[in-house]
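Peer 1: Next comes the structure file input-v1.cif, holding mmCIF, C-alpha atoms, pLDDT in the B column; chains and numbers go by the auth columns.
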```cif
data_final
loop_
_atom_site.group_PDB
_atom_site.id
_atom_site.type_symbol
_atom_site.label_atom_id
_atom_site.label_comp_id
_atom_site.label_asym_id
_atom_site.label_seq_id
_atom_site.Cartn_x
_atom_site.Cartn_y
_atom_site.Cartn_z
_atom_site.B_iso_or_equiv
_atom_site.auth_seq_id
_atom_site.auth_asym_id
ATOM 1 C CA ASP A 1 -71.734 130.617 4.024 46.00 22 K
ATOM 2 C CA GLY A 2 -74.622 132.759 5.190 46.00 23 K
ATOM 3 C CA ALA A 3 -77.261 130.281 4.022 44.00 24 K
ATOM 4 C CA VAL A 4 -75.689 127.494 6.072 44.00 25 K
ATOM 5 C CA VAL A 5 -75.554 129.719 9.148 44.00 26 K
ATOM 6 C CA LEU A 6 -79.177 130.696 8.595 43.00 27 K
ATOM 7 C CA THR A 7 -80.211 127.039 8.437 44.00 28 K
ATOM 8 C CA CYS A 8 -78.353 126.329 11.683 44.00 29 K
ATOM 9 C CA MET A 9 -80.002 129.300 13.377 46.00 30 K
ATOM 10 C CA ALA A 10 -83.437 128.102 12.200 43.00 31 K
ATOM 11 C CA ALA A 11 -82.726 124.726 13.789 42.00 32 K
ATOM 12 C CA TRP A 12 -81.647 126.505 16.989 47.00 33 K
ATOM 13 C CA SER A 13 -84.918 128.405 16.893 48.00 34 K
ATOM 14 C CA ASP A 14 -86.769 125.060 17.016 45.00 35 K
ATOM 15 C CA GLN A 15 -84.861 124.121 20.168 45.00 36 K
ATOM 16 C CA TRP A 16 -85.604 127.514 21.708 45.00 37 K
ATOM 17 C CA LYS A 17 -89.284 127.169 20.908 44.00 38 K
ATOM 18 C CA ALA A 18 -89.418 123.730 22.529 44.00 39 K
ATOM 19 C CA GLY A 19 -87.846 125.160 25.675 47.00 40 K
ATOM 20 C CA ALA A 20 -90.132 128.161 25.543 44.00 41 K
ATOM 21 C CA LEU A 21 -93.208 125.963 25.362 41.00 42 K
ATOM 22 C CA SER A 22 -92.037 124.075 28.442 44.00 43 K
ATOM 23 C CA ARG A 23 -91.815 127.392 30.280 45.00 44 K
ATOM 24 C CA GLY A 24 -95.233 128.505 29.075 44.00 45 K
ATOM 25 C CA MET A 25 -93.979 130.924 26.435 44.00 46 K
ATOM 26 C CA VAL A 26 -96.537 130.012 23.785 43.00 47 K
ATOM 27 C CA PRO A 27 -95.916 132.016 20.549 44.00 48 K
ATOM 28 C CA GLY A 28 -98.598 134.639 20.069 42.00 49 K
ATOM 29 C CA VAL A 29 -99.695 134.540 23.736 42.00 50 K
ATOM 30 C CA PRO A 30 -98.220 137.189 26.051 43.00 51 K
ATOM 31 C CA VAL A 31 -95.979 135.637 28.662 41.00 52 K
ATOM 32 C CA ARG A 32 -97.451 137.882 31.327 42.00 53 K
ATOM 33 C CA ALA A 33 -100.845 136.209 30.979 39.00 54 K
ATOM 34 C CA ASP A 34 -99.304 132.785 31.468 40.00 55 K
ATOM 35 C CA LEU A 35 -97.363 133.947 34.508 36.00 56 K
ATOM 36 C CA ARG A 36 -100.546 135.385 35.943 40.00 57 K
ATOM 37 C CA ALA A 37 -102.221 132.022 35.471 38.00 58 K
ATOM 38 C CA GLN A 38 -99.441 130.569 37.606 38.00 59 K
ATOM 39 C CA ARG A 39 -100.244 133.199 40.281 35.00 60 K
ATOM 40 C CA ILE A 40 -96.881 134.916 39.962 35.00 61 K
ATOM 41 C CA ASN A 41 -97.146 138.573 40.918 39.00 62 K
ATOM 42 C CA ILE A 42 -95.692 140.882 38.273 38.00 63 K
ATOM 43 C CA HIS A 43 -94.012 144.116 39.205 41.00 64 K
ATOM 44 C CA PRO A 44 -92.242 145.718 36.196 43.00 65 K
ATOM 45 C CA GLN A 45 -90.754 148.356 38.459 45.00 66 K
ATOM 46 C CA VAL A 46 -89.884 147.356 41.998 43.00 67 K
ATOM 47 C CA ALA A 47 -89.551 150.284 44.373 44.00 68 K
ATOM 48 C CA VAL A 48 -86.610 150.635 46.714 46.00 69 K
ATOM 49 C CA GLY A 49 -87.377 148.915 50.000 49.00 70 K
ATOM 50 C CA ALA A 50 -90.059 146.687 48.479 47.00 71 K
ATOM 51 C CA ASP A 51 -90.535 143.065 49.469 49.00 72 K
ATOM 52 C CA PRO A 52 -87.614 140.997 48.085 48.00 73 K
ATOM 53 C CA ALA A 53 -90.137 138.496 46.754 48.00 74 K
ATOM 54 C CA ASP A 54 -91.512 141.215 44.471 47.00 75 K
ATOM 55 C CA ALA A 55 -88.046 141.824 43.093 44.00 76 K
ATOM 56 C CA VAL A 56 -87.668 138.116 42.372 43.00 77 K
ATOM 57 C CA ASP A 57 -91.010 138.086 40.557 47.00 78 K
ATOM 58 C CA ALA A 58 -90.047 141.091 38.427 48.00 79 K
ATOM 59 C CA TYR A 59 -86.724 139.491 37.562 43.00 80 K
ATOM 60 C CA ALA A 60 -88.482 136.244 36.588 45.00 81 K
ATOM 61 C CA GLU A 61 -90.727 138.098 34.132 49.00 82 K
ATOM 62 C CA THR A 62 -87.815 139.989 32.623 47.00 83 K
ATOM 63 C CA TYR A 63 -85.683 136.861 32.334 43.00 84 K
ATOM 64 C CA ALA A 64 -88.472 134.946 30.576 44.00 85 K
ATOM 65 C CA ASP A 65 -89.187 137.687 28.062 49.00 86 K
ATOM 66 C CA VAL A 66 -85.554 138.406 27.240 51.00 87 K
ATOM 67 C CA GLY A 67 -85.449 134.866 25.826 53.00 88 K
ATOM 68 C CA VAL A 68 -87.194 136.352 22.786 61.00 89 K
ATOM 69 C CA LEU A 69 -83.977 138.196 21.943 62.00 90 K
ATOM 70 C CA GLY A 70 -82.358 134.918 20.931 68.00 91 K
ATOM 71 C CA VAL A 71 -84.445 134.984 17.761 74.00 92 K
ATOM 72 C CA PHE A 72 -82.731 138.214 16.730 79.00 93 K
ATOM 73 C CA ALA A 73 -79.419 136.466 16.037 80.00 94 K
ATOM 74 C CA ALA A 74 -80.961 134.652 13.080 81.00 95 K
ATOM 75 C CA VAL A 75 -82.630 137.885 11.936 88.00 96 K
ATOM 76 C CA THR A 76 -79.218 139.583 11.817 89.00 97 K
ATOM 77 C CA VAL A 77 -78.000 136.971 9.332 88.00 98 K
ATOM 78 C CA PHE A 78 -81.217 137.430 7.348 91.00 99 K
ATOM 79 C CA TRP A 79 -80.561 141.151 6.894 90.00 100 K
ATOM 80 C CA ALA A 80 -76.978 140.409 5.873 89.00 101 K
ATOM 81 C CA LEU A 81 -78.312 138.169 3.111 87.00 102 K
ATOM 82 C CA PHE A 82 -80.958 140.703 2.132 90.00 103 K
ATOM 83 C CA ASP A 83 -78.246 143.304 1.521 83.00 104 K
ATOM 84 C CA GLN A 84 -76.910 141.178 -1.333 80.00 105 K
ATOM 85 C CA THR A 85 -79.766 142.315 -3.567 84.00 106 K
ATOM 86 C CA GLY A 86 -78.136 145.713 -3.982 82.00 107 K
ATOM 87 C CA SER A 87 -74.687 144.325 -4.715 83.00 108 K
ATOM 88 C CA SER A 88 -74.095 140.781 -5.942 88.00 109 K
ATOM 89 C CA TRP A 89 -77.487 140.403 -7.588 93.00 110 K
ATOM 90 C CA VAL A 90 -77.030 143.637 -9.529 92.00 111 K
ATOM 91 C CA LEU A 91 -73.583 142.475 -10.661 91.00 112 K
ATOM 92 C CA GLN A 92 -75.153 139.214 -11.748 94.00 113 K
ATOM 93 C CA ALA A 93 -77.775 141.069 -13.784 95.00 114 K
ATOM 94 C CA GLU A 94 -75.015 142.863 -15.711 94.00 115 K
ATOM 95 C CA LYS A 95 -74.035 139.510 -17.225 95.00 116 K
ATOM 96 C CA LEU A 96 -77.579 138.629 -18.305 96.00 117 K
ATOM 97 C CA ASP A 97 -79.551 139.534 -21.401 95.00 118 K
ATOM 98 C CA LEU A 98 -81.166 142.839 -20.457 95.00 119 K
ATOM 99 C CA GLN A 99 -83.195 143.171 -23.651 93.00 120 K
ATOM 100 C CA LEU A 100 -86.947 142.769 -23.135 90.00 121 K
ATOM 101 C CA GLY A 101 -88.425 143.186 -26.563 86.00 122 K
ATOM 102 C CA ALA A 102 -87.766 146.745 -27.656 88.00 123 K
ATOM 103 C CA TRP A 103 -86.880 147.825 -24.115 91.00 124 K
ATOM 104 C CA GLU A 104 -83.491 147.403 -22.498 92.00 125 K
ATOM 105 C CA VAL A 105 -83.605 147.422 -18.708 93.00 126 K
ATOM 106 C CA ALA A 106 -80.795 148.565 -16.428 94.00 127 K
ATOM 107 C CA PRO A 107 -79.268 145.927 -14.102 92.00 128 K
ATOM 108 C CA ALA A 108 -80.448 147.753 -10.986 92.00 129 K
ATOM 109 C CA GLN A 109 -84.024 148.212 -12.189 91.00 130 K
ATOM 110 C CA LEU A 110 -85.014 144.759 -11.001 90.00 131 K
ATOM 111 C CA LEU A 111 -84.600 146.048 -7.454 92.00 132 K
ATOM 112 C CA ALA A 112 -87.971 147.736 -7.963 91.00 133 K
ATOM 113 C CA LEU A 113 -89.540 144.263 -7.876 91.00 134 K
ATOM 114 C CA GLU A 114 -89.017 143.939 -4.129 90.00 135 K
ATOM 115 C CA PRO A 115 -91.302 146.797 -2.943 91.00 136 K
ATOM 116 C CA LEU A 116 -93.848 145.873 -5.612 93.00 137 K
ATOM 117 C CA LEU A 117 -93.924 142.239 -4.497 94.00 138 K
ATOM 118 C CA VAL A 118 -94.155 143.268 -0.832 92.00 139 K
ATOM 119 C CA THR A 119 -97.267 145.303 -1.662 92.00 140 K
ATOM 120 C CA LEU A 120 -98.813 142.238 -3.276 93.00 141 K
ATOM 121 C CA LEU A 121 -97.690 139.545 -0.840 93.00 142 K
ATOM 122 C CA VAL A 122 -98.612 141.212 2.473 90.00 143 K
ATOM 123 C CA PRO A 123 -102.376 141.219 1.803 91.00 144 K
ATOM 124 C CA LEU A 124 -102.194 137.886 -0.034 92.00 145 K
ATOM 125 C CA LEU A 125 -100.580 136.064 2.885 90.00 146 K
ATOM 126 C CA GLY A 126 -102.436 137.968 5.606 87.00 147 K
ATOM 127 C CA VAL A 127 -105.913 137.774 4.088 89.00 148 K
ATOM 128 C CA ALA A 128 -105.945 134.655 1.924 88.00 149 K
ATOM 129 C CA VAL A 129 -103.228 132.159 2.885 90.00 150 K
ATOM 130 C CA PHE A 130 -102.906 132.169 6.685 89.00 151 K
ATOM 131 C CA PRO A 131 -106.629 132.580 7.485 89.00 152 K
ATOM 132 C CA ARG A 132 -107.387 129.630 5.198 89.00 153 K
ATOM 133 C CA LEU A 133 -104.796 127.522 7.004 89.00 154 K
ATOM 134 C CA GLU A 134 -106.325 128.500 10.357 86.00 155 K
ATOM 135 C CA ARG A 135 -109.785 127.448 9.188 87.00 156 K
ATOM 136 C CA ARG A 136 -108.300 124.052 8.386 87.00 157 K
ATOM 137 C CA GLY A 137 -106.907 123.770 11.883 85.00 158 K
ATOM 138 C CA ARG A 138 -103.316 124.608 10.951 84.00 159 K
ATOM 139 C CA LEU A 139 -102.426 127.560 13.119 77.00 160 K
ATOM 140 C CA VAL A 140 -99.142 129.109 11.985 83.00 161 K
ATOM 141 C CA GLY A 141 -97.404 130.889 14.866 84.00 162 K
ATOM 142 C CA PRO A 142 -94.931 133.763 14.604 85.00 163 K
ATOM 143 C CA LEU A 143 -91.834 131.581 14.959 83.00 164 K
ATOM 144 C CA ALA A 144 -93.121 129.186 12.313 87.00 165 K
ATOM 145 C CA LYS A 145 -93.690 132.109 9.941 90.00 166 K
ATOM 146 C CA MET A 146 -90.181 133.412 10.571 89.00 167 K
ATOM 147 C CA ARG A 147 -88.663 129.986 9.960 89.00 168 K
ATOM 148 C CA GLY A 148 -90.618 129.766 6.728 92.00 169 K
ATOM 149 C CA GLY A 149 -89.303 133.181 5.724 93.00 170 K
ATOM 150 C CA MET A 150 -85.730 132.090 6.394 92.00 171 K
ATOM 151 C CA VAL A 151 -86.216 128.952 4.309 94.00 172 K
ATOM 152 C CA ALA A 152 -87.592 131.087 1.473 95.00 173 K
ATOM 153 C CA THR A 153 -84.514 133.321 1.776 94.00 174 K
ATOM 154 C CA ILE A 154 -82.205 130.311 1.519 93.00 175 K
ATOM 155 C CA LEU A 155 -84.083 129.082 -1.558 96.00 176 K
ATOM 156 C CA SER A 156 -83.720 132.520 -3.163 96.00 177 K
ATOM 157 C CA PHE A 157 -79.940 132.211 -2.925 94.00 178 K
ATOM 158 C CA VAL A 158 -80.097 128.654 -4.228 96.00 179 K
ATOM 159 C CA ALA A 159 -81.926 130.029 -7.275 96.00 180 K
ATOM 160 C CA ALA A 160 -79.296 132.774 -7.613 95.00 181 K
ATOM 161 C CA ALA A 161 -76.501 130.197 -7.388 95.00 182 K
ATOM 162 C CA VAL A 162 -78.060 128.025 -10.097 96.00 183 K
ATOM 163 C CA LEU A 163 -78.428 131.049 -12.377 96.00 184 K
ATOM 164 C CA GLN A 164 -74.821 132.018 -11.690 94.00 185 K
ATOM 165 C CA MET A 165 -73.678 128.523 -12.712 96.00 186 K
ATOM 166 C CA VAL A 166 -75.430 129.021 -16.052 96.00 187 K
ATOM 167 C CA VAL A 167 -73.701 132.397 -16.478 95.00 188 K
ATOM 168 C CA ASP A 168 -70.305 130.926 -15.570 95.00 189 K
ATOM 169 C CA ALA A 169 -70.835 128.284 -18.246 95.00 190 K
ATOM 170 C CA GLY A 170 -70.771 131.039 -20.847 92.00 191 K
ATOM 171 C CA HIS A 171 -74.488 131.592 -21.358 94.00 192 K
ATOM 172 C CA ALA A 172 -76.437 134.837 -21.036 94.00 193 K
ATOM 173 C CA PRO A 173 -80.067 133.983 -20.189 95.00 194 K
ATOM 174 C CA SER A 174 -82.785 136.600 -19.940 95.00 195 K
ATOM 175 C CA VAL A 175 -82.741 138.878 -16.926 95.00 196 K
ATOM 176 C CA LEU A 176 -86.238 137.591 -16.177 95.00 197 K
ATOM 177 C CA TRP A 177 -84.566 134.485 -14.739 96.00 198 K
ATOM 178 C CA GLN A 178 -83.806 136.635 -11.697 96.00 199 K
ATOM 179 C CA VAL A 179 -87.494 137.073 -10.936 96.00 200 K
ATOM 180 C CA PRO A 180 -87.824 133.765 -8.974 96.00 201 K
ATOM 181 C CA GLN A 181 -85.013 134.697 -6.588 96.00 202 K
ATOM 182 C CA TYR A 182 -86.528 138.141 -6.013 95.00 203 K
ATOM 183 C CA LEU A 183 -89.924 136.543 -5.370 96.00 204 K
ATOM 184 C CA LEU A 184 -88.534 134.062 -2.847 96.00 205 K
ATOM 185 C CA LEU A 185 -86.532 136.742 -1.065 94.00 206 K
ATOM 186 C CA THR A 186 -89.578 139.011 -0.836 94.00 207 K
ATOM 187 C CA VAL A 187 -91.546 136.168 0.760 95.00 208 K
ATOM 188 C CA GLY A 188 -88.725 135.976 3.278 94.00 209 K
ATOM 189 C CA VAL A 189 -88.919 139.721 3.927 93.00 210 K
ATOM 190 C CA VAL A 190 -92.661 139.576 4.553 93.00 211 K
ATOM 191 C CA LEU A 191 -92.501 136.546 6.848 93.00 212 K
ATOM 192 C CA VAL A 192 -89.398 137.595 8.781 92.00 213 K
ATOM 193 C CA SER A 193 -89.605 141.387 8.960 87.00 214 K
ATOM 194 C CA VAL A 194 -93.345 141.966 9.361 83.00 215 K
ATOM 195 C CA THR A 195 -93.852 138.955 11.640 86.00 216 K
ATOM 196 C CA GLY A 196 -90.719 139.745 13.623 84.00 217 K
ATOM 197 C CA LEU A 197 -91.899 143.258 14.411 82.00 218 K
ATOM 198 C CA GLU A 198 -95.241 141.948 15.655 81.00 219 K
ATOM 199 C CA PHE A 199 -93.600 139.140 17.607 80.00 220 K
ATOM 200 C CA SER A 200 -91.137 141.490 19.289 77.00 221 K
ATOM 201 C CA TYR A 201 -93.897 143.868 20.382 78.00 222 K
ATOM 202 C CA THR A 202 -96.378 141.291 21.666 78.00 223 K
ATOM 203 C CA GLN A 203 -93.877 139.112 23.540 74.00 224 K
ATOM 204 C CA ALA A 204 -92.053 141.950 25.295 73.00 225 K
ATOM 205 C CA PRO A 205 -93.370 143.163 28.670 74.00 226 K
ATOM 206 C CA ARG A 206 -94.868 146.623 28.667 78.00 227 K
ATOM 207 C CA ALA A 207 -91.866 148.149 30.441 79.00 228 K
ATOM 208 C CA MET A 208 -89.420 146.680 27.897 78.00 229 K
ATOM 209 C CA ARG A 209 -91.262 147.145 24.602 79.00 230 K
ATOM 210 C CA SER A 210 -89.286 150.198 23.535 82.00 231 K
ATOM 211 C CA ALA A 211 -85.987 148.499 24.347 81.00 232 K
ATOM 212 C CA VAL A 212 -86.906 145.280 22.533 79.00 233 K
ATOM 213 C CA MET A 213 -88.107 147.162 19.461 81.00 234 K
ATOM 214 C CA SER A 214 -84.867 149.142 19.433 85.00 235 K
ATOM 215 C CA ILE A 215 -82.889 145.907 19.534 84.00 236 K
ATOM 216 C CA TRP A 216 -84.986 144.598 16.634 83.00 237 K
ATOM 217 C CA PHE A 217 -84.002 147.567 14.480 85.00 238 K
ATOM 218 C CA LEU A 218 -80.431 147.162 15.686 88.00 239 K
ATOM 219 C CA THR A 219 -80.374 143.784 13.913 89.00 240 K
ATOM 220 C CA VAL A 220 -80.649 145.653 10.591 87.00 241 K
ATOM 221 C CA SER A 221 -77.485 147.620 11.386 89.00 242 K
ATOM 222 C CA LEU A 222 -75.698 144.489 12.574 91.00 243 K
ATOM 223 C CA GLY A 223 -76.655 142.747 9.343 90.00 244 K
ATOM 224 C CA ASN A 224 -75.148 145.631 7.373 87.00 245 K
ATOM 225 C CA LEU A 225 -71.959 145.419 9.426 89.00 246 K
ATOM 226 C CA LEU A 226 -71.795 141.667 8.839 88.00 247 K
ATOM 227 C CA THR A 227 -72.075 142.220 5.096 84.00 248 K
ATOM 228 C CA LEU A 228 -69.338 144.870 5.266 83.00 249 K
ATOM 229 C CA ALA A 229 -67.062 142.498 7.189 84.00 250 K
ATOM 230 C CA VAL A 230 -67.544 139.767 4.566 80.00 251 K
ATOM 231 C CA LEU A 231 -66.773 142.226 1.763 75.00 252 K
ATOM 232 C CA GLU A 232 -63.597 143.294 3.524 79.00 253 K
ATOM 233 C CA LEU A 233 -62.491 139.666 3.719 78.00 254 K
ATOM 234 C CA VAL A 234 -63.216 139.196 0.022 70.00 255 K
ATOM 235 C CA ASP A 235 -61.154 142.276 -0.842 56.00 256 K
ATOM 236 C CA LEU A 236 -58.222 140.806 1.052 44.00 257 K
#
```
Show me the file's structure as structure tokens.
Peer 2:
Amino acid sequence: DGAVVLTCMAAWSDQWKAGALSRGMVPGVPVRADLRAQRINIHPQVAVGADPADAVDAYAETYADVGVLGVFAAVTVFWALFDQTGSSWVLQAEKLDLQLGAWEVAPAQLLALEPLLVTLLVPLLGVAVFPRLERRGRLVGPLAKMRGGMVATILSFVAAAVLQMVVDAGHAPSVLWQVPQYLLLTVGVVLVSVTGLEFSYTQAPRAMRSAVMSIWFLTVSLGNLLTLAVLELVDL
């Protein structure tokens, strides 16, 4: 399923990172600076009739930076999983006890937890958690954050699966039992989406930043299409 694919893509990301480090593509450090340290002349736009060596240098920069796009394959699967919150998780909530004291919540109202948790988690992770880890000598790079976000996403669906097993057994626990899966998924959103945007911008060369950012947002659409394709198979 999607969680298995996501795990495989996270493992592939480790291999990519190892290869990237061997080429000097240190996460968080612009590749251009490393290439400059190796005395490779960079020419984002090579004029017609220019020295062929300049064209080779420009191609080398572009080829190195396009390696970042490999991360986007895993992000596409992430967005496909994220889309389940508005479908399968709402259907799951319909089978739970929606009564909270004197107030009965609607199944889709728990979707409001995601933007609320994002508002809380972004400053918490950015101001309290990661700076404290850095002070202890544990620098968490962009790829490590994204892998952590994907693991949190997988765990959110594990929590949803466990809750669904309880429902299938004939029980109707409180709808509050969905809160852990929403919390884990929101951690994934913060670590994958926010970090991915920053990573895409900083690692892309100046001449390609617009294109790389466009491809990043394209992963959202591809994730939606992947979800649609899975739903069509289920309908069959």
Peer 1: Taking all atoms listed in the file into account, which of K:Val179, K:Val96, K:Val150, K:Leu239 comes nearest Gly217 of chain K?
Peer 2: K:Val96
Peer 1: Would you kindly return, as number ranges by chain, each protein, DNA or RNA residue with an atom no farther than 10 Å from any atom of Leu247 of chain K, considering all atoms listed in the file and excluding same-chain residues fewer than 3 positions away?
Peer 2: K: 97-98, 100-102, 104, 241-244, 250-253
Peer 1: As an exercise, work out the distance from atom CA of Ser221 of chain K to atom CA of Glu155 of chain K in Å and give it to one decimal place.
Peer 2: 21.9 Å
Peer 1: Using all atoms listed in the file, collect all residues at a distance of at most 7 Å from (-94.0, 135.4, 5.0) as written in the file, then present them as a list in words.
Peer 2: Leu146, Lys166, Gly169, Gly170, Val208, Gly209, Val210, Val211, Leu212 and Val213 of chain K
Peer 1: Can you turn the PyMOL selection byres ((chain K and resi 117) around 8) into a concrete residue list for this file, as a PyMOL selection string?
Peer 2: chain K and resi 113-116+118-119+188+193-196
Peer 1: Once you have the residues from the selection above, write them out as a compact mmCIF listing (two decimals), keeping the file's coordinate frame, restricted to C-alpha atoms.
Peer 2:
```txt
# COMPACT_ATOMS: atom_id res chain seq x y z
CA GLN K 113 -75.15 139.21 -11.75
CA ALA K 114 -77.78 141.07 -13.78
CA GLU K 115 -75.02 142.86 -15.71
CA LYS K 116 -74.04 139.51 -17.23
CA ASP K 118 -79.55 139.53 -21.40
CA LEU K 119 -81.17 142.84 -20.46
CA VAL K 188 -73.70 132.40 -16.48
CA ALA K 193 -76.44 134.84 -21.04
CA PRO K 194 -80.07 133.98 -20.19
CA SER K 195 -82.78 136.60 -19.94
CA VAL K 196 -82.74 138.88 -16.93
```
Peer 1: Suppose a student applies the PyMOL selection byres ((chain K and resi 207) around 10) to this structure; what residues should they get, written as a compact mmCIF listing (two decimals) with C-alpha atoms, in the frame of the given file?
Peer 2:
```txt
# COMPACT_ATOMS: atom_id res chain seq x y z
CA PHE K 103 -80.96 140.70 2.13
CA LEU K 134 -89.54 144.26 -7.88
CA GLU K 135 -89.02 143.94 -4.13
CA PRO K 136 -91.30 146.80 -2.94
CA LEU K 137 -93.85 145.87 -5.61
CA LEU K 138 -93.92 142.24 -4.50
CA VAL K 139 -94.16 143.27 -0.83
CA THR K 140 -97.27 145.30 -1.66
CA LEU K 142 -97.69 139.54 -0.84
CA VAL K 143 -98.61 141.21 2.47
CA GLY K 170 -89.30 133.18 5.72
CA ALA K 173 -87.59 131.09 1.47
CA THR K 174 -84.51 133.32 1.78
CA SER K 177 -83.72 132.52 -3.16
CA PRO K 201 -87.82 133.76 -8.97
CA GLN K 202 -85.01 134.70 -6.59
CA TYR K 203 -86.53 138.14 -6.01
CA LEU K 204 -89.92 136.54 -5.37
CA LEU K 205 -88.53 134.06 -2.85
CA LEU K 206 -86.53 136.74 -1.06
CA VAL K 208 -91.55 136.17 0.76
CA GLY K 209 -88.72 135.98 3.28
CA VAL K 210 -88.92 139.72 3.93
CA VAL K 211 -92.66 139.58 4.55
CA LEU K 212 -92.50 136.55 6.85
CA VAL K 213 -89.40 137.60 8.78
```
Peer 1: Work out how far atom CA of Val255 of chain K is from atom CA of Asp189 of chain K, in Å to one decimal.
Peer 2: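 Here the two named atoms are 19.0 Å from each other.
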Peer 1: Work out how far atom CA of Ile236 of chain K is from atom CA of Met171 of chain K, in Å to one decimal.
Peer 2: 19.3 Å
Peer 1: Find, counting all atoms listed in the file, the residue in K:Trp110, K:Glu125, K:Leu246, K:Ala149 that gets nearest to Phe178 of chain K.
Peer 2: K:Trp110
Peer 1: Kindly indicate which residue among K:Val161, K:Phe99, K:Leu197, K:Met186 lies nearest to Pro128 of chain K, using all atoms listed in the file for the distances.
Peer 2: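 Nearest candidate to Pro128 of chain K out of K:Val161, K:Phe99, K:Leu197, K:Met186: K:Leu197.
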Peer 1: Using only C-alpha atoms for the distances, tell me which of K:Pro152, K:His192, K:Val200, K:Leu164 is nearest to Ala180 of chain K.
Peer 2: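 So, comparing all the options, the nearest one is K:Val200.
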Peer 1: When you count only C-alpha atoms, which of these residues is closest to Ser214 of chain K: K:Met234, K:Ile175, K:Met167, K:Leu184?
Peer 2: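 Between K:Met234, K:Ile175, K:Met167, K:Leu184, the residue approaching Ser214 of chain K most closely is K:Met167.
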